[in-house]
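The file protein_10.txt comes next; it holds compact mmCIF, C-alpha atoms and all ligand atoms.
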# COMPACT_ATOMS: atom_id res chain seq x y z
CA MET A 244 -3.43 -7.51 0.60
CA ASP A 245 -6.90 -8.97 0.68
CA GLY A 246 -8.12 -12.40 1.68
CA ASN A 247 -6.33 -13.11 4.96
CA GLY A 248 -9.55 -13.65 6.88
CA ARG A 249 -11.01 -16.05 4.32
CA TRP A 250 -7.73 -17.96 4.12
CA ALA A 251 -7.92 -18.56 7.87
CA GLU A 252 -11.64 -19.35 7.90
CA GLN A 253 -11.14 -21.99 5.21
CA ARG A 254 -8.76 -23.71 7.60
CA GLY A 255 -10.95 -23.35 10.66
CA LEU A 256 -8.46 -20.87 12.15
CA PRO A 257 -9.08 -17.47 13.73
CA ARG A 258 -8.97 -14.61 11.20
CA THR A 259 -5.87 -13.20 12.86
CA ASP A 260 -3.91 -16.32 11.83
CA GLY A 261 -4.59 -15.24 8.27
CA HIS A 262 -2.90 -11.90 8.90
CA THR A 263 0.09 -13.71 10.39
CA ALA A 264 0.26 -15.93 7.30
CA GLY A 265 0.04 -12.81 5.13
CA GLU A 266 3.32 -11.48 6.49
CA GLN A 267 5.27 -14.17 4.67
CA ALA A 268 3.48 -13.39 1.42
CA LEU A 269 4.24 -9.71 1.84
CA PHE A 270 7.97 -10.17 2.21
CA GLU A 271 8.16 -12.77 -0.53
CA VAL A 272 6.38 -10.45 -2.98
CA LEU A 273 8.51 -7.52 -1.82
CA ASP A 274 11.66 -9.60 -2.51
CA GLY A 275 10.33 -10.53 -5.92
CA ALA A 276 9.55 -6.92 -6.79
CA ASP A 277 12.95 -5.78 -5.54
CA GLU A 278 14.76 -8.41 -7.61
CA LEU A 279 12.89 -7.32 -10.70
CA GLY A 280 14.01 -3.75 -10.13
CA VAL A 281 10.62 -2.31 -9.22
CA GLY A 282 11.29 1.18 -7.87
CA TRP A 283 8.12 1.82 -5.89
CA PHE A 284 6.13 -0.87 -4.09
CA THR A 285 3.10 0.10 -2.02
CA VAL A 286 0.87 -2.08 0.13
CA TYR A 287 -2.53 -1.37 1.60
CA ALA A 288 -2.07 -2.53 5.19
CA PHE A 289 -4.91 -0.82 7.06
CA SER A 290 -7.69 1.35 5.70
CA THR A 291 -9.62 4.19 7.29
CA GLU A 292 -12.58 1.78 7.16
CA ASN A 293 -10.83 -1.09 8.93
CA TRP A 294 -11.59 0.52 12.34
CA ARG A 295 -15.08 -0.94 11.87
CA ARG A 296 -13.77 -4.45 12.50
CA PRO A 297 -14.11 -6.14 15.89
CA VAL A 298 -11.92 -4.43 18.46
CA GLU A 299 -9.80 -7.57 18.98
CA GLU A 300 -8.94 -7.72 15.28
CA VAL A 301 -8.14 -4.00 15.15
CA GLU A 302 -5.91 -4.32 18.20
CA PHE A 303 -4.23 -7.35 16.68
CA LEU A 304 -3.53 -5.47 13.44
CA LEU A 305 -2.12 -2.44 15.27
CA ARG A 306 0.23 -4.61 17.33
CA PHE A 307 1.07 -6.78 14.35
CA ASN A 308 2.09 -3.81 12.23
CA GLU A 309 4.20 -2.48 15.07
CA GLU A 310 5.97 -5.83 15.41
CA ILE A 311 6.60 -6.06 11.69
CA MET A 312 8.15 -2.59 11.75
CA LEU A 313 10.33 -3.52 14.68
CA GLY A 314 11.30 -6.92 13.35
CA ARG A 315 11.98 -6.01 9.74
CA GLN A 316 13.35 -2.49 9.60
CA GLU A 317 17.01 -3.47 10.05
CA GLU A 318 16.82 -6.13 7.38
CA LEU A 319 15.08 -3.76 4.96
CA HIS A 320 17.62 -1.07 5.76
CA GLU A 321 20.50 -3.43 4.98
CA ARG A 322 18.88 -4.10 1.63
CA ASN A 323 18.90 -0.39 0.83
CA ILE A 324 15.07 -0.24 0.93
CA ARG A 325 13.48 3.08 1.81
CA ILE A 326 10.39 2.81 4.02
CA ARG A 327 7.59 5.35 3.86
CA PHE A 328 4.02 5.62 5.10
CA ILE A 329 0.91 7.19 3.69
CA GLY A 330 -2.24 7.65 5.73
CA ARG A 331 -3.85 9.76 8.37
CA ARG A 332 -2.08 10.22 11.67
CA ASP A 333 -5.20 10.60 13.79
CA ARG A 334 -5.56 9.89 17.48
CA ARG A 335 -6.71 6.34 16.86
CA VAL A 336 -3.23 5.34 15.71
CA PRO A 337 -1.33 4.55 18.93
CA ARG A 338 1.62 6.84 19.60
CA ARG A 339 3.92 3.86 20.00
CA LEU A 340 3.10 2.70 16.48
CA VAL A 341 3.60 6.21 15.12
CA ARG A 342 7.03 6.31 16.77
CA ARG A 343 7.95 2.95 15.19
CA MET A 344 6.88 4.25 11.80
CA GLU A 345 8.92 7.42 12.25
CA GLU A 346 11.96 5.39 13.30
CA ALA A 347 11.70 3.16 10.25
CA VAL A 348 11.33 6.16 7.96
CA ALA A 349 14.27 7.99 9.55
CA LEU A 350 16.51 4.91 9.51
CA THR A 351 15.96 4.26 5.82
CA ARG A 352 15.53 7.84 4.63
CA ASP A 353 18.70 7.98 2.52
CA ASN A 354 18.44 4.53 1.00
CA THR A 355 18.48 4.49 -2.77
CA GLY A 356 16.86 1.14 -3.57
CA LEU A 357 13.19 0.26 -3.74
CA THR A 358 10.76 2.54 -1.91
CA PHE A 359 8.43 0.44 0.20
CA THR A 360 5.33 2.45 1.09
CA ILE A 361 2.87 1.20 3.66
CA ALA A 362 -0.61 2.64 3.44
CA PHE A 363 -1.73 2.66 7.06
CA ASN A 364 -4.96 4.24 8.25
CA TYR A 365 -5.15 5.19 4.61
CA GLY A 366 -8.22 6.16 2.62
CA GLY A 367 -8.21 7.71 -0.83
CA ARG A 368 -11.03 10.09 0.03
CA ALA A 369 -9.38 11.03 3.34
CA GLU A 370 -6.18 11.76 1.42
CA LEU A 371 -8.04 14.10 -0.93
CA VAL A 372 -9.87 15.79 1.94
CA ASP A 373 -6.55 16.30 3.76
CA ALA A 374 -4.93 17.67 0.60
CA VAL A 375 -7.80 20.11 0.01
CA GLN A 376 -7.67 21.21 3.65
CA ARG A 377 -3.96 21.98 3.35
CA ILE A 378 -4.55 23.92 0.17
CA VAL A 379 -7.32 25.96 1.83
CA ASP A 380 -5.20 26.53 4.94
CA ALA A 381 -2.39 27.86 2.76
CA GLY A 382 -4.80 30.43 1.31
CA THR A 383 -4.30 29.16 -2.24
CA LYS A 384 -6.64 30.85 -4.72
CA ARG A 385 -6.01 28.90 -7.91
CA VAL A 386 -5.91 25.14 -7.88
CA SER A 387 -4.50 22.91 -10.60
CA GLU A 388 -3.90 19.17 -10.77
CA LYS A 389 -0.32 19.88 -9.70
CA THR A 390 -1.59 21.70 -6.58
CA ILE A 391 -3.54 18.60 -5.56
CA ALA A 392 -0.69 16.22 -6.40
CA ARG A 393 1.77 18.31 -4.37
CA ASN A 394 -0.46 18.07 -1.30
CA LEU A 395 -0.97 14.31 -1.23
CA TYR A 396 0.56 12.30 1.64
CA ASP A 397 3.71 11.56 -0.36
CA PRO A 398 4.12 14.05 -3.19
CA GLU A 399 7.18 12.18 -4.43
CA MET A 400 5.35 8.92 -4.95
CA PRO A 401 4.72 8.39 -8.67
CA ASP A 402 1.27 7.30 -9.82
CA PRO A 403 1.26 3.50 -9.83
CA ASP A 404 1.65 1.74 -13.18
CA LEU A 405 0.07 -1.43 -11.83
CA VAL A 406 -2.37 -2.11 -9.02
CA ILE A 407 -2.95 -5.71 -7.98
CA ARG A 408 -6.07 -6.66 -6.03
CA THR A 409 -6.11 -10.16 -4.56
CA SER A 410 -8.81 -12.53 -3.31
CA GLY A 411 -11.18 -12.28 -6.26
CA GLU A 412 -12.61 -8.89 -5.27
CA TYR A 413 -13.14 -6.46 -8.12
CA ARG A 414 -13.14 -3.13 -6.33
CA VAL A 415 -10.79 -0.25 -5.71
CA SER A 416 -11.91 0.07 -2.06
CA ASN A 417 -10.74 3.64 -1.53
CA PHE A 418 -7.13 2.94 -2.51
CA LEU A 419 -5.06 5.73 -4.13
CA LEU A 420 -8.12 7.28 -5.77
CA TRP A 421 -6.26 10.22 -7.25
CA GLU A 422 -3.10 8.33 -8.12
CA LEU A 423 -4.63 5.41 -9.97
CA ALA A 424 -6.32 7.51 -12.68
CA TYR A 425 -4.32 5.67 -15.38
CA SER A 426 -3.08 2.62 -13.50
CA GLU A 427 -3.54 -0.82 -14.94
CA LEU A 428 -5.65 -2.93 -12.62
CA VAL A 429 -4.93 -6.64 -12.34
CA PHE A 430 -7.15 -8.92 -10.30
CA SER A 431 -6.01 -12.19 -8.80
CA GLU A 432 -8.19 -14.93 -7.36
CA ALA A 433 -5.44 -15.88 -4.88
CA LEU A 434 -6.07 -15.08 -1.23
CA TRP A 435 -3.24 -12.88 0.04
CA PRO A 436 -1.44 -15.55 2.14
CA ASP A 437 -1.29 -17.75 -1.01
CA PHE A 438 -0.02 -14.92 -3.20
CA GLY A 439 3.65 -15.39 -4.04
CA ARG A 440 6.38 -14.47 -6.44
CA GLN A 441 4.78 -16.43 -9.29
CA HIS A 442 1.53 -14.51 -8.86
CA LEU A 443 3.49 -11.28 -9.00
CA TYR A 444 5.17 -12.38 -12.23
CA THR A 445 1.80 -13.34 -13.73
CA ALA A 446 0.36 -9.93 -12.81
CA ILE A 447 3.35 -8.11 -14.29
CA LYS A 448 3.09 -10.18 -17.48
CA GLU A 449 -0.56 -9.23 -17.77
CA PHE A 450 0.44 -5.60 -17.25
CA GLN A 451 3.09 -5.84 -19.98
CA ASP A 452 0.54 -7.16 -22.45
CA ARG A 453 -1.76 -4.18 -21.95
CA ASP A 454 -1.90 -1.26 -24.31
CA ARG A 455 -1.66 2.01 -22.38
CA ARG A 456 -3.02 4.94 -24.32
CA TYR A 457 -3.81 7.51 -21.61
CA GLY A 458 -6.83 8.73 -23.50
CA GLY A 459 -4.90 8.99 -26.77
CA ILE A 460 -4.73 6.39 -29.50
CA VAL A 461 -1.19 5.08 -29.10
CA ASP A 462 0.74 3.73 -26.13
CA PRO A 463 3.46 6.39 -25.54
CA GLY A 464 5.75 3.55 -24.47
CA GLU A 465 5.54 1.94 -27.93
CA SER A 466 7.32 3.37 -30.94
CA ILE A 467 5.00 4.81 -33.57
CA GLY A 468 5.11 3.71 -37.21
C1 LIG B 501 -6.41 -8.51 4.90
O1 LIG B 501 -7.43 -9.34 4.49
C2 LIG B 501 -6.71 -7.05 4.79
C3 LIG B 501 -6.43 -6.27 6.05
C4 LIG B 501 -7.20 -5.30 6.43
C5 LIG B 501 -5.25 -6.55 6.85
P1 LIG B 501 -8.91 -9.33 5.11
O2 LIG B 501 -8.81 -9.31 6.59
O3 LIG B 501 -9.70 -8.26 4.46
O4 LIG B 501 -9.44 -10.76 4.63
P2 LIG B 501 -10.91 -11.15 4.16
O5 LIG B 501 -11.28 -10.18 3.08
O6 LIG B 501 -11.79 -11.06 5.34
O7 LIG B 501 -10.74 -12.55 3.65
MG MG B 502 -11.01 -8.16 2.90
What is this structure when it is put down as structure tokens?
Amino acid sequence: MDGNGRWAEQRGLPRTDGHTAGEQALFEVLDGADELGVGWFTVYAFSTENWRRPVEEVEFLLRFNEEIMLGRQEELHERNIRIRFIGRRDRRVPRRLVRRMEEAVALTRDNTGLTFTIAFNYGGRAELVDAVQRIVDAGTKRVSEKTIARNLYDPEMPDPDLVIRTSGEYRVSNFLLWELAYSELVFSEALWPDFGRQHLYTAIKEFQDRDRRYGGIVDPGESIG
């Protein structure tokens, strides 16, 4: 969800107003994905690198995420959405926020609709380091791709088919490094607060027009011959 700060700066507003405006975009896009029958929807809310921002912005984002969890969990629960988190639970994440996350996860645990995963204090490299550490701690001698995949933050989360990066940046920025090996990447010029349902549809259309060959010569989703 990139571009909140620039959206605000363009309007002469403090950067944090951009994050506030981004909340609406988030829930609109989530609604759109849910209506389309998307099963897994993941957002990058706060990265392991975002701690480098000014302390006021970091504090704002921590509080903001806590408020979103508090304010939205009931509504999401009623819509049969299952909430999950991926990321590192280190001491920098306030205990109150961790408790809110745990509440939201517990409340929605048995829901059978869309799984809404929030990547918070998430870094792709950190995730791999944490997975390797767990594997070492377990005394595992032989490692396969499955061993790594089983030790990621959410082993049940399927690799994403589509990753959308907003705000005209063309980088992966440490997002789902392992998981996006064969994901289709779609880039949008829209700043996150301007990103809406139509942008989601455009991105999905672009995804549908791609040929996915996974290193082979035919798209396994297409019939051969
Ligand atoms: C939101 O956009 C991403 C978060 C970390 C919440 P940015 O805050 O990165 O916005 P820009 O890139 O400065 O415009
Ligand atoms: Mg940014």
**Asked** Closest to ligand LIG 501 (chain B) among A:Val336, A:Met400, A:Ala433, A:Ala381, using all atoms listed in the file?
**Response** A:Ala433
**Asked** Any idea what's packed within 12 Å of Tyr287 of chain A, counting only C-alpha atoms, ignoring anything in its chain fewer than 4 positions away? Could you give it as a list in words?
**Response** Met244, Asp245, Leu269, Thr291, Glu292, Asn293, Asn308, Phe328, Ile329, Gly330, Phe359, Thr360, Ile361, Ala362, Phe363, Asn364, Tyr365, Gly366, Gly367, Val406, Ile407, Arg408, Thr409, Val415, Ser416, Asn417, Phe418, Leu419 and Trp435 of chain A
**Exercise: Asn247 of chain A partners within 7 Å, only C-alpha atoms, chain neighbours under 4 positions left out, as number ranges by chain** = A: 251, 258, 261-262, 265, 434-436
**Message:** My list of candidates is A:Arg332, A:Lys384, A:Arg338, A:Arg414. Which is closest to ligand LIG 501 (chain B) when distances are computed with all atoms listed in the file?
**Reply:**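 Once distances to ligand LIG 501 (chain B) are computed over all atoms listed in the file, the minimum belongs to A:Arg414.
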**Asked** Using only C-alpha atoms and all ligand atoms, which of the listed residues (A:Ser410, A:Thr358, A:Thr383, A:Thr263) sits closest to ligand MG 502 (chain B)?
**Response** A:Ser410
